[in-house]
Every structure is written in structure tokens, then in C-alpha cells.
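The structure file upload17.pdb is reproduced below (PDB, C-alpha atoms, pLDDT in the B column).
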```
MODEL        1
ATOM      1  CA  MET A  24     123.891  -8.615  -5.317  1.00 55.00           C
ATOM      2  CA  ASP A  25     121.313  -6.662  -7.326  1.00 65.00           C
ATOM      3  CA  GLU A  26     119.838  -5.300  -4.071  1.00 67.00           C
ATOM      4  CA  LEU A  27     123.255  -4.091  -2.889  1.00 62.00           C
ATOM      5  CA  GLN A  28     123.897  -2.416  -6.252  1.00 65.00           C
ATOM      6  CA  LYS A  29     120.571  -0.557  -5.998  1.00 66.00           C
ATOM      7  CA  LYS A  30     121.461   0.728  -2.519  1.00 57.00           C
ATOM      8  CA  ILE A  31     124.834   1.939  -3.761  1.00 59.00           C
ATOM      9  CA  GLU A  32     123.196   3.757  -6.673  1.00 64.00           C
ATOM     10  CA  THR A  33     120.611   5.334  -4.367  1.00 67.00           C
ATOM     11  CA  LEU A  34     123.303   6.501  -1.985  1.00 61.00           C
ATOM     12  CA  THR A  35     125.347   7.940  -4.854  1.00 64.00           C
ATOM     13  CA  THR A  36     122.330   9.866  -6.096  1.00 67.00           C
ATOM     14  CA  ARG A  37     121.692  11.308  -2.624  1.00 64.00           C
ATOM     15  CA  LEU A  38     125.310  12.387  -2.317  1.00 58.00           C
ATOM     16  CA  ASP A  39     125.131  14.111  -5.692  1.00 64.00           C
ATOM     17  CA  THR A  40     121.994  15.927  -4.576  1.00 64.00           C
ATOM     18  CA  ILE A  41     123.621  17.117  -1.352  1.00 56.00           C
ATOM     19  CA  SER A  42     126.665  18.281  -3.285  1.00 59.00           C
ATOM     20  CA  ASN A  43     124.511  20.249  -5.715  1.00 60.00           C
ATOM     21  CA  GLU A  44     122.568  21.856  -2.881  1.00 56.00           C
ATOM     22  CA  PHE A  45     125.785  22.869  -1.186  1.00 50.00           C
ATOM     23  CA  ASP A  46     127.036  24.461  -4.418  1.00 55.00           C
ATOM     24  CA  ASN A  47     123.799  26.411  -4.723  1.00 53.00           C
ATOM     25  CA  TYR A  48     123.735  27.719  -1.158  1.00 47.00           C
ATOM     26  CA  LYS A  49     127.353  27.969  -0.107  1.00 44.00           C
ATOM     27  CA  PHE A  50     128.709  31.360   0.935  1.00 43.00           C
ATOM     28  CA  LYS A  51     129.823  33.618  -1.864  1.00 46.00           C
ATOM     29  CA  VAL A  52     133.168  35.172  -1.042  1.00 43.00           C
ATOM     30  CA  ASN A  53     132.987  38.943  -1.272  1.00 48.00           C
ATOM     31  CA  PRO A  54     136.216  40.807  -0.399  1.00 45.00           C
ATOM     32  CA  ASP A  55     134.167  43.868   0.580  1.00 48.00           C
ATOM     33  CA  ASN A  56     131.988  41.876   2.979  1.00 50.00           C
ATOM     34  CA  ILE A  57     133.798  40.502   6.024  1.00 48.00           C
ATOM     35  CA  ILE A  58     131.098  37.981   6.948  1.00 50.00           C
ATOM     36  CA  GLY A  59     131.557  36.211   3.619  1.00 52.00           C
ATOM     37  CA  ARG A  60     128.086  36.307   2.083  1.00 56.00           C
ATOM     38  CA  ASP A  61     125.951  38.727   0.105  1.00 66.00           C
ATOM     39  CA  LEU A  62     123.262  40.330   2.249  1.00 70.00           C
ATOM     40  CA  ASP A  63     120.246  42.419   1.482  1.00 76.00           C
ATOM     41  CA  ASP A  64     120.077  45.903   2.990  1.00 79.00           C
ATOM     42  CA  GLN A  65     117.608  44.908   5.722  1.00 78.00           C
ATOM     43  CA  SER A  66     119.829  42.036   6.909  1.00 76.00           C
ATOM     44  CA  LYS A  67     122.850  44.321   6.951  1.00 74.00           C
ATOM     45  CA  GLN A  68     120.983  46.844   9.099  1.00 76.00           C
ATOM     46  CA  VAL A  69     119.880  44.178  11.570  1.00 73.00           C
ATOM     47  CA  ILE A  70     123.450  42.913  11.971  1.00 74.00           C
ATOM     48  CA  GLN A  71     124.788  46.448  12.384  1.00 75.00           C
ATOM     49  CA  ASP A  72     122.230  47.172  15.118  1.00 73.00           C
ATOM     50  CA  ILE A  73     123.119  43.972  16.981  1.00 74.00           C
ATOM     51  CA  VAL A  74     126.847  44.656  16.747  1.00 71.00           C
ATOM     52  CA  LYS A  75     126.458  48.249  17.919  1.00 69.00           C
ATOM     53  CA  ASP A  76     124.371  47.178  20.917  1.00 71.00           C
ATOM     54  CA  ASN A  77     126.846  44.458  21.864  1.00 76.00           C
ATOM     55  CA  ILE A  78     129.822  46.783  21.571  1.00 75.00           C
ATOM     56  CA  LEU A  79     128.097  49.283  23.855  1.00 73.00           C
ATOM     57  CA  ASP A  80     127.294  46.556  26.393  1.00 77.00           C
ATOM     58  CA  ILE A  81     130.850  45.243  26.342  1.00 74.00           C
ATOM     59  CA  TRP A  82     132.364  48.672  26.876  1.00 70.00           C
ATOM     60  CA  TRP A  83     129.928  49.626  29.598  1.00 78.00           C
ATOM     61  CA  ASP A  84     129.611  46.316  31.457  1.00 78.00           C
ATOM     62  CA  GLU A  85     132.930  44.568  30.908  1.00 79.00           C
ATOM     63  CA  LEU A  86     135.585  47.286  30.668  1.00 80.00           C
ATOM     64  CA  LEU A  87     136.858  50.211  32.693  1.00 82.00           C
ATOM     65  CA  TYR A  88     138.389  52.934  30.542  1.00 82.00           C
ATOM     66  CA  TRP A  89     140.201  56.039  31.726  1.00 80.00           C
ATOM     67  CA  SER A  90     141.983  58.655  29.661  1.00 81.00           C
ATOM     68  CA  ALA A  91     143.751  61.862  30.545  1.00 77.00           C
ATOM     69  CA  SER A  92     144.531  64.979  28.614  1.00 77.00           C
ATOM     70  CA  TYR A  93     147.091  67.570  29.586  1.00 83.00           C
ATOM     71  CA  ASP A  94     144.804  70.578  29.650  1.00 75.00           C
ATOM     72  CA  GLY A  95     146.027  71.968  32.969  1.00 67.00           C
ATOM     73  CA  ASP A  96     147.416  71.194  36.384  1.00 60.00           C
ATOM     74  CA  GLU A  97     143.947  71.175  37.966  1.00 59.00           C
ATOM     75  CA  ALA A  98     143.583  67.600  36.678  1.00 70.00           C
ATOM     76  CA  TRP A  99     147.003  66.409  37.888  1.00 81.00           C
ATOM     77  CA  GLN A 100     149.133  66.440  40.989  1.00 81.00           C
ATOM     78  CA  VAL A 101     152.387  68.099  39.967  1.00 84.00           C
ATOM     79  CA  THR A 102     155.962  68.331  41.221  1.00 81.00           C
ATOM     80  CA  GLY A 103     158.569  70.760  39.893  1.00 80.00           C
ATOM     81  CA  GLY A 104     158.655  72.671  36.636  1.00 75.00           C
ATOM     82  CA  VAL A 105     155.608  71.232  34.896  1.00 86.00           C
ATOM     83  CA  VAL A 106     154.137  73.067  31.902  1.00 86.00           C
ATOM     84  CA  PHE A 107     150.840  72.431  30.101  1.00 86.00           C
ATOM     85  CA  ILE A 108     150.614  74.077  26.677  1.00 85.00           C
ATOM     86  CA  GLY A 109     147.953  73.359  24.082  1.00 79.00           C
ATOM     87  CA  GLY A 110     147.136  69.927  25.490  1.00 83.00           C
ATOM     88  CA  GLU A 111     150.790  68.921  25.730  1.00 89.00           C
ATOM     89  CA  LEU A 112     152.688  67.998  28.878  1.00 90.00           C
ATOM     90  CA  ILE A 113     156.226  69.409  29.102  1.00 90.00           C
ATOM     91  CA  LEU A 114     158.595  68.418  31.888  1.00 90.00           C
ATOM     92  CA  ASP A 115     161.664  70.683  31.944  1.00 84.00           C
ATOM     93  CA  SER A 116     164.464  69.328  34.098  1.00 81.00           C
ATOM     94  CA  SER A 117     167.932  70.465  35.068  1.00 74.00           C
ATOM     95  CA  ALA A 118     169.232  68.246  37.857  1.00 64.00           C
ATOM     96  CA  ASP A 119     165.832  68.216  39.554  1.00 73.00           C
ATOM     97  CA  PHE A 120     162.749  66.021  39.653  1.00 77.00           C
ATOM     98  CA  GLU A 121     159.737  66.959  37.517  1.00 81.00           C
ATOM     99  CA  GLY A 122     156.587  64.911  37.424  1.00 87.00           C
ATOM    100  CA  VAL A 123     152.842  64.529  37.311  1.00 86.00           C
ATOM    101  CA  PHE A 124     150.680  61.798  38.719  1.00 84.00           C
ATOM    102  CA  LYS A 125     146.998  60.968  39.006  1.00 80.00           C
ATOM    103  CA  ASP A 126     145.501  59.436  42.137  1.00 73.00           C
ATOM    104  CA  THR A 127     141.877  58.419  41.646  1.00 67.00           C
ATOM    105  CA  ASN A 128     139.503  58.909  44.553  1.00 64.00           C
ATOM    106  CA  ASN A 129     138.382  55.281  44.307  1.00 64.00           C
ATOM    107  CA  LYS A 130     141.202  53.063  45.527  1.00 61.00           C
ATOM    108  CA  ASN A 131     139.535  50.037  43.941  1.00 68.00           C
ATOM    109  CA  VAL A 132     140.125  51.325  40.425  1.00 75.00           C
ATOM    110  CA  LEU A 133     143.722  50.182  40.254  1.00 79.00           C
ATOM    111  CA  VAL A 134     143.755  46.409  40.849  1.00 81.00           C
ATOM    112  CA  TRP A 135     146.094  43.679  39.708  1.00 85.00           C
ATOM    113  CA  ASP A 136     143.719  40.734  39.268  1.00 86.00           C
ATOM    114  CA  LYS A 137     142.301  42.051  35.983  1.00 89.00           C
ATOM    115  CA  ASP A 138     143.871  42.077  32.525  1.00 93.00           C
ATOM    116  CA  GLN A 139     144.736  45.655  31.639  1.00 93.00           C
ATOM    117  CA  ARG A 140     146.909  47.930  29.508  1.00 95.00           C
ATOM    118  CA  PHE A 141     147.922  51.526  29.069  1.00 95.00           C
ATOM    119  CA  ARG A 142     149.464  53.597  26.325  1.00 96.00           C
ATOM    120  CA  MET A 143     150.912  57.059  25.924  1.00 96.00           C
ATOM    121  CA  ASN A 144     153.370  58.914  23.758  1.00 96.00           C
ATOM    122  CA  PHE A 145     156.575  60.795  24.509  1.00 96.00           C
ATOM    123  CA  SER A 146     159.630  62.481  23.053  1.00 95.00           C
ATOM    124  CA  VAL A 147     162.734  64.121  24.527  1.00 94.00           C
ATOM    125  CA  ASN A 148     164.886  66.916  23.151  1.00 90.00           C
ATOM    126  CA  ASP A 149     168.149  65.363  24.355  1.00 83.00           C
ATOM    127  CA  SER A 150     169.158  61.805  23.672  1.00 74.00           C
ATOM    128  CA  ASP A 151     171.972  61.199  26.129  1.00 78.00           C
ATOM    129  CA  SER A 152     172.868  59.407  29.335  1.00 84.00           C
ATOM    130  CA  GLU A 153     171.264  62.041  31.585  1.00 86.00           C
ATOM    131  CA  ASN A 154     167.666  61.114  30.792  1.00 88.00           C
ATOM    132  CA  ASP A 155     165.675  59.384  33.527  1.00 90.00           C
ATOM    133  CA  ALA A 156     161.970  59.151  32.658  1.00 92.00           C
ATOM    134  CA  ARG A 157     159.598  56.850  34.563  1.00 91.00           C
ATOM    135  CA  LEU A 158     156.230  56.125  33.012  1.00 94.00           C
ATOM    136  CA  PHE A 159     154.152  53.786  35.140  1.00 92.00           C
ATOM    137  CA  VAL A 160     150.771  52.541  36.209  1.00 91.00           C
ATOM    138  CA  GLY A 161     151.076  52.167  39.977  1.00 84.00           C
ATOM    139  CA  LYS A 162     153.868  53.561  42.128  1.00 78.00           C
ATOM    140  CA  ARG A 163     157.407  52.221  41.801  1.00 77.00           C
ATOM    141  CA  GLU A 164     158.629  52.341  45.383  1.00 76.00           C
ATOM    142  CA  VAL A 165     158.408  54.087  48.752  1.00 72.00           C
ATOM    143  CA  GLY A 166     161.399  54.259  51.063  1.00 68.00           C
ATOM    144  CA  GLY A 167     163.259  51.611  49.087  1.00 68.00           C
ATOM    145  CA  THR A 168     160.375  49.138  49.241  1.00 70.00           C
ATOM    146  CA  GLU A 169     159.215  47.853  45.891  1.00 73.00           C
ATOM    147  CA  LEU A 170     155.547  48.452  45.098  1.00 79.00           C
ATOM    148  CA  SER A 171     153.238  46.937  42.502  1.00 84.00           C
ATOM    149  CA  HIS A 172     153.656  48.738  39.191  1.00 89.00           C
ATOM    150  CA  TYR A 173     154.403  48.278  35.499  1.00 94.00           C
ATOM    151  CA  GLY A 174     155.378  50.473  32.586  1.00 96.00           C
ATOM    152  CA  PHE A 175     158.468  52.006  31.023  1.00 98.00           C
ATOM    153  CA  HIS A 176     161.777  53.450  32.194  1.00 96.00           C
ATOM    154  CA  LEU A 177     163.871  55.661  29.939  1.00 95.00           C
ATOM    155  CA  ASP A 178     167.370  55.091  31.306  1.00 94.00           C
ATOM    156  CA  GLY A 179     169.714  57.389  29.403  1.00 92.00           C
ATOM    157  CA  THR A 180     169.117  56.458  25.786  1.00 93.00           C
ATOM    158  CA  THR A 181     167.669  53.002  26.505  1.00 96.00           C
ATOM    159  CA  LEU A 182     163.927  52.510  26.790  1.00 97.00           C
ATOM    160  CA  LYS A 183     163.149  49.606  29.123  1.00 98.00           C
ATOM    161  CA  GLY A 184     160.034  47.705  30.064  1.00 97.00           C
ATOM    162  CA  GLU A 185     159.684  47.363  33.827  1.00 96.00           C
ATOM    163  CA  CYS A 186     157.452  45.858  36.497  1.00 93.00           C
ATOM    164  CA  GLY A 187     157.506  44.989  40.175  1.00 88.00           C
ATOM    165  CA  ASP A 188     155.348  43.308  42.791  1.00 84.00           C
ATOM    166  CA  LYS A 189     154.942  44.422  46.387  1.00 77.00           C
ATOM    167  CA  THR A 190     155.043  40.887  47.808  1.00 78.00           C
ATOM    168  CA  THR A 191     158.244  39.779  46.100  1.00 74.00           C
ATOM    169  CA  ASP A 192     159.856  43.228  46.595  1.00 74.00           C
ATOM    170  CA  THR A 193     161.632  42.592  43.296  1.00 80.00           C
ATOM    171  CA  ARG A 194     161.833  44.580  40.087  1.00 86.00           C
ATOM    172  CA  ASN A 195     162.265  43.149  36.594  1.00 91.00           C
ATOM    173  CA  THR A 196     163.322  44.996  33.445  1.00 95.00           C
ATOM    174  CA  VAL A 197     163.805  44.239  29.767  1.00 97.00           C
ATOM    175  CA  ASP A 198     165.697  46.432  27.287  1.00 98.00           C
ATOM    176  CA  LEU A 199     163.481  47.480  24.388  1.00 98.00           C
ATOM    177  CA  LEU A 200     165.308  49.920  22.097  1.00 96.00           C
ATOM    178  CA  THR A 201     167.603  52.935  21.867  1.00 96.00           C
ATOM    179  CA  ILE A 202     165.706  56.189  21.440  1.00 95.00           C
ATOM    180  CA  ALA A 203     166.486  59.110  19.143  1.00 94.00           C
ATOM    181  CA  VAL A 204     166.221  62.822  19.911  1.00 93.00           C
ATOM    182  CA  ASP A 205     163.050  64.736  18.935  1.00 93.00           C
ATOM    183  CA  THR A 206     161.279  61.541  17.889  1.00 95.00           C
ATOM    184  CA  ASN A 207     157.747  60.686  18.939  1.00 96.00           C
ATOM    185  CA  TYR A 208     157.261  57.225  20.433  1.00 97.00           C
ATOM    186  CA  GLU A 209     153.898  55.645  21.169  1.00 97.00           C
ATOM    187  CA  ILE A 210     154.370  53.098  23.945  1.00 98.00           C
ATOM    188  CA  GLU A 211     151.947  50.499  25.272  1.00 97.00           C
ATOM    189  CA  ALA A 212     152.178  47.939  28.087  1.00 97.00           C
ATOM    190  CA  ARG A 213     149.728  45.026  28.272  1.00 97.00           C
ATOM    191  CA  LEU A 214     149.372  43.109  31.536  1.00 96.00           C
ATOM    192  CA  PHE A 215     147.958  39.572  31.419  1.00 95.00           C
ATOM    193  CA  VAL A 216     147.191  38.548  35.002  1.00 92.00           C
ATOM    194  CA  GLY A 217     149.538  35.926  36.404  1.00 89.00           C
ATOM    195  CA  ARG A 218     151.198  35.364  33.030  1.00 93.00           C
ATOM    196  CA  LYS A 219     153.153  38.187  31.439  1.00 95.00           C
ATOM    197  CA  ILE A 220     153.486  41.829  30.476  1.00 97.00           C
ATOM    198  CA  GLU A 221     154.077  42.753  26.846  1.00 97.00           C
ATOM    199  CA  PHE A 222     155.799  46.009  25.878  1.00 98.00           C
ATOM    200  CA  TYR A 223     155.065  47.681  22.545  1.00 98.00           C
ATOM    201  CA  VAL A 224     156.665  50.661  20.838  1.00 98.00           C
ATOM    202  CA  ASN A 225     154.890  52.107  17.802  1.00 97.00           C
ATOM    203  CA  ASP A 226     152.677  48.992  17.650  1.00 96.00           C
ATOM    204  CA  ILE A 227     155.652  46.600  17.568  1.00 97.00           C
ATOM    205  CA  LEU A 228     156.250  44.089  20.375  1.00 98.00           C
ATOM    206  CA  TYR A 229     159.767  44.715  21.691  1.00 98.00           C
ATOM    207  CA  GLY A 230     159.856  42.717  24.936  1.00 98.00           C
ATOM    208  CA  THR A 231     158.022  40.528  27.441  1.00 98.00           C
ATOM    209  CA  ILE A 232     158.378  39.980  31.206  1.00 97.00           C
ATOM    210  CA  THR A 233     156.956  36.900  32.919  1.00 95.00           C
ATOM    211  CA  ASP A 234     158.410  37.185  36.461  1.00 91.00           C
ATOM    212  CA  ASN A 235     157.500  39.490  39.341  1.00 88.00           C
ATOM    213  CA  ILE A 236     154.547  40.947  37.507  1.00 89.00           C
ATOM    214  CA  PRO A 237     152.287  42.939  39.861  1.00 88.00           C
ATOM    215  CA  GLU A 238     149.742  40.775  41.644  1.00 80.00           C
ATOM    216  CA  THR A 239     149.454  42.346  45.116  1.00 67.00           C
ATOM    217  CA  ASN A 240     147.533  45.541  45.816  1.00 66.00           C
ATOM    218  CA  ASN A 241     149.505  48.237  47.572  1.00 57.00           C
ATOM    219  CA  ASP A 242     148.374  49.599  50.955  1.00 53.00           C
ATOM    220  CA  THR A 243     144.758  50.680  50.388  1.00 49.00           C
ATOM    221  CA  THR A 244     145.025  53.307  53.120  1.00 48.00           C
ATOM    222  CA  LEU A 245     147.513  55.263  51.012  1.00 51.00           C
ATOM    223  CA  ASP A 246     146.745  57.371  47.960  1.00 50.00           C
ATOM    224  CA  TYR A 247     149.352  55.778  45.759  1.00 51.00           C
ATOM    225  CA  ASN A 248     147.385  52.527  45.652  1.00 55.00           C
ATOM    226  CA  ALA A 249     145.087  54.413  43.291  1.00 63.00           C
ATOM    227  CA  ARG A 250     147.921  55.931  41.244  1.00 78.00           C
ATOM    228  CA  ILE A 251     146.643  55.175  37.800  1.00 82.00           C
ATOM    229  CA  ALA A 252     149.338  57.262  36.117  1.00 87.00           C
ATOM    230  CA  ASP A 253     152.790  58.216  37.384  1.00 88.00           C
ATOM    231  CA  ILE A 254     155.016  60.192  34.972  1.00 91.00           C
ATOM    232  CA  SER A 255     158.341  61.758  35.924  1.00 88.00           C
ATOM    233  CA  PHE A 256     161.495  63.094  34.279  1.00 90.00           C
ATOM    234  CA  THR A 257     164.896  63.894  35.778  1.00 90.00           C
ATOM    235  CA  ARG A 258     168.266  64.828  34.297  1.00 86.00           C
ATOM    236  CA  THR A 259     171.636  64.647  36.012  1.00 81.00           C
ATOM    237  CA  SER A 260     172.884  68.201  35.417  1.00 80.00           C
ATOM    238  CA  THR A 261     172.133  69.858  32.079  1.00 83.00           C
ATOM    239  CA  ALA A 262     168.691  71.037  31.055  1.00 85.00           C
ATOM    240  CA  GLY A 263     166.379  68.917  28.935  1.00 88.00           C
ATOM    241  CA  SER A 264     162.692  68.442  28.230  1.00 90.00           C
ATOM    242  CA  PHE A 265     160.192  65.598  28.058  1.00 92.00           C
ATOM    243  CA  TYR A 266     156.984  65.881  26.007  1.00 94.00           C
ATOM    244  CA  SER A 267     153.722  63.904  25.959  1.00 94.00           C
ATOM    245  CA  SER A 268     150.236  64.568  24.603  1.00 92.00           C
ATOM    246  CA  PHE A 269     148.010  61.685  25.778  1.00 91.00           C
ATOM    247  CA  PHE A 270     147.604  58.875  28.292  1.00 93.00           C
ATOM    248  CA  GLU A 271     145.030  56.049  28.175  1.00 92.00           C
ATOM    249  CA  TYR A 272     144.272  53.161  30.548  1.00 92.00           C
ATOM    250  CA  ILE A 273     141.822  50.276  30.177  1.00 90.00           C
ATOM    251  CA  ARG A 274     141.138  47.089  32.110  1.00 88.00           C
ATOM    252  CA  LYS A 275     138.541  44.377  32.516  1.00 87.00           C
ATOM    253  CA  ARG A 276     136.018  44.878  35.301  1.00 84.00           C
TER     254      ARG A 276
ENDMDL
END
```
Will you turn the file into C-alpha cells for me?
Amino acid sequence: MDELQKKIETLTTRLDTISNEFDNYKFKVNPDNIIGRDLDDQSKQVIQDIVKDNILDIWWDELLYWSASYDGDEAWQVTGGVVFIGGELILDSSADFEGVFKDTNNKNVLVWDKDQRFRMNFSVNDSDSENDARLFVGKREVGGTELSHYGFHLDGTTLKGECGDKTTDTRNTVDLLTIAVDTNYEIEARLFVGRKIEFYVNDILYGTITDNIPETNNDTTLDYNARIADISFTRTSTAGSFYSSFFEYIRKR
């Protein structure tokens, strides 16, 4: 019995020692230090260098990023009354089709087997039933045949999330919100391969689509397979304008 008592006491002493060591060396919570411990200047510099190198490698090796400004029509294919002023895109429509699109020379840039997303902003100077703005990655359709695409459709005053797949020849939509006149909206669509597309407005998730998301590449012999941006605006009869100042696209390699 005495031998067992000695072992218990020895074990208790060891546990107390471990507890004291933990108290002496545990991380000190510092609200200004996100890694949770106090570091000397040299350690901080080493970590910063490692993080910077890794971020560069990730961006360069793992991601494809493409952005577009609206500096002039030499960078875009245009249709109708398109105006570029001070880095802003203006589509003026009165019962006609106005649009810009960007076909990349490399038809392997736009693929559907990689997670990806795009974002842009827009506003309109009339908030009524005549608005028809289509803001997509990929091309919506040709000759009534659905093509692989995703993005946003401004249908009158309702902003919708939309997608379609060439194989299923089916389009899906989800109502997001009612827009207001002369109001800037930043919109973003995030495609998760084989799972869903999330639609954000001003950084708020407004809707999700899980069916008929694009999975099939369009005809690689045609330019629109590489249509990384497709922006158009049409009104039924009276004049109105659509405005945008940036477009960004990113996907995994």
C-alpha cells in the first residue's frame, strides 16, 4: 500500500510540474498579434518573408487572374452605342442592343472544371420594366441553344442570378433583389465546380443555384468559348443608360 501511495504522489508531482511549465510557456493572447504570441522583431520579419513568398507562389502558380478596365474600345469588342469615358463603361439604349464582350485568344482560359468567380459593378439611370442587362462569364446562347455560362440578369427591376450548361440545354435563375435607380451595385458570382453557384450583391449572399451549373466547354472552334466577359444592355422603347467601372475574373489553374 505504501508503494502505491508513493507512486501516486510521484505522479501528482509530475503533473504539477507539467502544469507549471505549460503556464510559463503558453501563448500570450495579444489582440494586435493574429498568431497569438509575442514575437521579437527578427521572428516577425522571418514570418513576413515566408508569408509574402507563399502568397506570390499561390497567385502565380495556383490562380489565373484577369481584370478589365474600360479605357477604350480597342480592348473590347463592341456592339451599338457604347461609350468609354474616364474609365467608365456607358451603354446607352433606346430599343436597341448595346454591348461589349471580351474573347481571349486562348480558348483554354475559360474552362468549367475549375472553381472560379467574377465581380463587377453597375448602375442604371432608369429603374423600370424596360431594363434588360445581361452580365455573364461565357455566352448565354446561340440560335436558341443554351451554352455554358453564369452571371447576372437584370430583368426589369429584378436582379437575378443565372446559369446554364450546354449539355443539359437548360437555364436556371434565382431572384436576388429589386434594384433602385442611380444606385451602385457590386455583384459577384462564385462557381464551385459540380456543386453550386453563389450570388452576392454588395458582399451579401442573396441566392444560390445548384442545378444546371456550367460543366461542359462550348465549341472550342468558336470564339465565344473564350468569352470571359459578356455585358449587354437593352431597353424596350425609351432611352436609358447602364454604367460600370470594373470587371474582375479569377479561377484556379
Restricting to only C-alpha atoms, whichever of A:Ser92, A:Gln139, A:Ser152, A:Ser116 is closest to Arg276 of chain A is A:Gln139
A:Arg213, A:Arg258, A:Lys67, A:Arg163: which is nearest Phe141 of chain A, counting all atoms listed in the file?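 The shortest atom-to-atom distance to Phe141 of chain A comes from A:Arg213.
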Exercise: Thr191 of chain A partners within 12 Å, only C-alpha atoms, chain neighbours under 6 positions left out, as a PyMOL selection string: chain A and resi 168-171+234-239
Contacts of Leu112 of chain A at 9 Å or less, counting all atoms listed in the file, minus same-chain residues fewer than 5 places along, as a PyMOL selection string? chain A and resi 92-95+105-107+265-269
With the PyMOL selection byres ((chain A and resi 259) around 12) as the selection, what would be picked from this file? Answer as a PDB file with C-alpha atoms, in the coordinates of the input, please.
```pdb
ATOM      1  CA  SER A 116     164.464  69.328  34.098  1.00 81.00           C
ATOM      2  CA  SER A 117     167.932  70.465  35.068  1.00 74.00           C
ATOM      3  CA  ALA A 118     169.232  68.246  37.857  1.00 64.00           C
ATOM      4  CA  ASP A 119     165.832  68.216  39.554  1.00 73.00           C
ATOM      5  CA  PHE A 120     162.749  66.021  39.653  1.00 77.00           C
ATOM      6  CA  ASP A 151     171.972  61.199  26.129  1.00 78.00           C
ATOM      7  CA  SER A 152     172.868  59.407  29.335  1.00 84.00           C
ATOM      8  CA  GLU A 153     171.264  62.041  31.585  1.00 86.00           C
ATOM      9  CA  ASN A 154     167.666  61.114  30.792  1.00 88.00           C
ATOM     10  CA  ASP A 155     165.675  59.384  33.527  1.00 90.00           C
ATOM     11  CA  ALA A 156     161.970  59.151  32.658  1.00 92.00           C
ATOM     12  CA  ASP A 178     167.370  55.091  31.306  1.00 94.00           C
ATOM     13  CA  GLY A 179     169.714  57.389  29.403  1.00 92.00           C
ATOM     14  CA  PHE A 256     161.495  63.094  34.279  1.00 90.00           C
ATOM     15  CA  THR A 257     164.896  63.894  35.778  1.00 90.00           C
ATOM     16  CA  ARG A 258     168.266  64.828  34.297  1.00 86.00           C
ATOM     17  CA  SER A 260     172.884  68.201  35.417  1.00 80.00           C
ATOM     18  CA  THR A 261     172.133  69.858  32.079  1.00 83.00           C
ATOM     19  CA  ALA A 262     168.691  71.037  31.055  1.00 85.00           C
ATOM     20  CA  GLY A 263     166.379  68.917  28.935  1.00 88.00           C
TER      21      GLY A 263
END
```
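With all atoms listed in the file as the atoms that count, the residue of A:Glu185, A:Asp198, A:Asp138, A:Asp253 with the shortest distance to Glu85 of chain A is A:Asp138.
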For the file shown, report as a PyMOL selection string the outcome of the PyMOL selection byres ((chain A and resi 221) around 8) at residue level. chain A and resi 212-214+219-220+222-223+228-232
One number please: atom CA of Glu209 of chain A to atom CA of Arg142 of chain A, in Å, one decimal.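 Rounded to one decimal, the two atoms are 7.1 Å apart.
For the pair atom CA of Arg274 of chain A and atom CA of Leu87 of chain A, the separation is 5.3 Å.
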Would you work out the distance separating atom CA of Asp126 of chain A from atom CA of Ile210 of chain A, expressed in Å to one decimal?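 Between atom CA of Asp126 of chain A and atom CA of Ile210 of chain A the gap is 21.2 Å.
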